[in-house]
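Participant: I'd like to ask some things about the structure below.
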Amino acid sequence: MRKCIYIILTVLAFTLYGCSDWLDVKPSDRVSEENAFSTLSGFKKALNGVYVELNQNELYGRSLTCEFVEILAQRYAIDQEASGNYLLTQYNYIGSDAKGRISSIWSKAYNLIANTNLILKNCEENRSVLPDDHYCLVKGEGLALRAMLHFDLFRLFGPVYGKDSALTSIPYYKEFVLEVKPSLVGNEFIQEVINDLLQAEELLQHDPIIEYGPQGDRLDNFKSDRNLRLNYYAVQALLARVYMYRGDKVKALEYAKKVITIQKKWFPWVDPMTIAASSENPDRMFSSELLFALQNLNRSSIFTSLFDGDNLKLTALLAPREDVVNEVFENEKQDYRLISGFASSSVELGGVNYKVFNKYHGKDSLLSQVIPMIRVSEMYMIAAEAEPKVADGVVYFNELRNNRGLESIPDRWMSFMLDEEWCREFYGEGQLFFFYKRKMKTSVQSAYDRYGMTSVNLKNYVLPIPDGELQYN
């Protein structure tokens with residue numbers, strides 16, 4: 001085992017809602033593994049480094065939230081001259097641009113998995129350095145990070161689970177090793193994800209979030225602002241997500257309900273007064289509802305480089321057509337997500353009216369640094385779908401709708417409105433493509449025609465594994 005390992009040593013900002021120091025990112029040079037994990041501070045910095053690196057463009061700072069996977073979900077009307085992105089709307093993965101982006105996602109995710117495994121290895125080898133409470137937090141979060149990254153790789157590169165769960169998928173790395181590991185079949189891979197999350201849940205059963213809520217224990221920076229870390233409730237939500245993807249509605253419902261039980265206490269629905277554009281700093285991310293979020297100091301660049309209709313040409317702009325947005329939101333102008341997520345006026349480019357996607361826009365404030373990873377509304381969506389009786393499921397469905405400014409619906413409407421609610425709820429958050437894959441959708445809302453549909457072949461949901469696939473593992 002190499003003794004000189006590249007560790008990204010960073011310090012995570014410790015506040016989301018109150019006054020906070022800025023996120024202080026301090027990459028190290030190559031450092032000795034022994035020195036990196038010889039102190040509690042070393043463990044904290046190494047783990048914080050993984051969280052910071054999740055913000056990279058190749059991962060949740062762009063590709064796996066508002067850009068790459070949202071293009072695959074037909075969110076934006078891409079101009080044909082924007083050839084790289086346009087080919088993605090056609091599910092053409094063979095061009096050099098697509099191959100490069102796909103390879104970057106793969107390599108960056110597996111690189112962070114390797115770093116996480118290094119932390120987990122040293123949790124045991126340097127156990128004496130860690131007090132019991134910090135051992136449980138570091139190891140629990142490490143296992144959850146490893147599971148989350150593997151799961152999202154599986155959702156991209158793995159087979160369509162509802163059809164081909166026994167097909168060979170991708171490797172699952174549980175150790176810090178240099179040699180290539182064999183790929184697992186789909187159902188074995190998902191079980192590894194679940195095993196890691198169950199162990200994380202057990203380790204995090206004394207997480208400060210349980211006693212103090214999202215703010216955590218303010219007497220210890222490492223234990224504060226727990227919704228900026230993979231906390232106990234976020235792990236339970238991930239379990240609900242994974243079980244639902246596997247098709248185990250019983251377990252998915254069980255875990256969704258665990259989160260829903262504490263939702264009003266610790267993750268209350270957004271106050272509509274905080275989202276209005278007239279507010280000094282509108283809460284476009286509905287931050288009170290976030291079970292887990294990243295803090296990204298460069299989030300404003302996401303808006304300026306992708307969504308700014310005033311300054312971007314059509315070949316660079318990611319924007320939905322205005323008529324398509326109206327169709328998705330069924331002209332429900334009181335929908336909080338429409339009010340907060342899109343500019344009130346449209347921008348005309350090339351004779352077509354586009355809506356400016358505003359969710360990632362914001363001033364220089366902590367609310368404008370949030371990248372949503374898991375929100376409590378997903379648990380309501382899962383519960384609505386997983387309940388054996390539609391009459392029970394619609395209760396969760398209407399709870400969500402009512403807290404989005406919409407009226408309740410009768411039981412008989414829920415089955416076909418579930419898809420529509422997924423389209424509205426997770427705009428720009430990278431979940432819709434995976435929902436389509438889980439549901440094996442062969443026809444989805446077109447980005448170019450409000451009444452049109454885009455055909456999807458099931459093979460389009462499976463990204464090609466990069467040619468140099470395991471060079472980073």
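Residue numbering restarts at 1 for every chain of the structure tokens, chains are lettered A, B, ... in their displayed order, and ligands are numbered from 1 as they appear.
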Any chance you could list, as a ChimeraX atom specification, the residues in stretch 39-105 of chain A that come up alpha helix (DSSP H) when DSSP is run on the backbone?

Facilitator: /A:40-53,68-72,83-89,96-105

Participant: Could you pull the residues within 9 Å of A:Arg438, counting only C-alpha atoms, minus those fewer than 2 positions along the same chain, as a list in words?

Facilitator: Arg155, Val160, Tyr161, Gly162, Met244, Tyr245, Arg246, Gly247, Phe433, Phe434, Phe435, Tyr436, Met440 and Lys441 of chain A

Participant: Please compute the atom CA of A:Phe357-atom CA of A:Leu72 distance, one decimal, in Å.

Facilitator: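 Atom CA of A:Phe357 sits 16.7 Å away from atom CA of A:Leu72.
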
Participant: Atom CA of A:Glu211 to atom CA of A:Glu429: how many Å, to one decimal?

Facilitator: 28.9 Å

Participant: Looking at only C-alpha atoms, which of A:Ser288, A:Tyr60, A:Gly452, A:Asp335 is the one that sits closest to A:Thr274?

Facilitator: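 The answer is A:Ser288, which sits nearest to A:Thr274.
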
Participant: What does the distance from atom CA of A:Leu130 to atom CA of A:Tyr233 come to in Å, to one decimal?

Facilitator: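 Distance between the two atoms: 23.1 Å.
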
Participant: Would you please extract all strand (DSSP E or B) residues from stretch 96-308 of chain A, as assigned by DSSP on the backbone, and give them as a ChimeraX atom specification?

Facilitator: /A:168-171,183-185,216,224,290-295

Participant: Could you list, as an MDAnalysis selection string, every residue within 12 Å of A:Gly95, counting only C-alpha atoms and ignoring same-chain residues fewer than 5 positions away?

Facilitator: chainID A and resid 83:88 90 100:102 464

Participant: Quick one: everything within 9 Å of A:Val270, counting only C-alpha atoms, minus sequence neighbours fewer than 2 positions away in the same chain. Send it as a PyMOL selection string.

Facilitator: chain A and resi 267-268+272-275+283+286-289+403-404
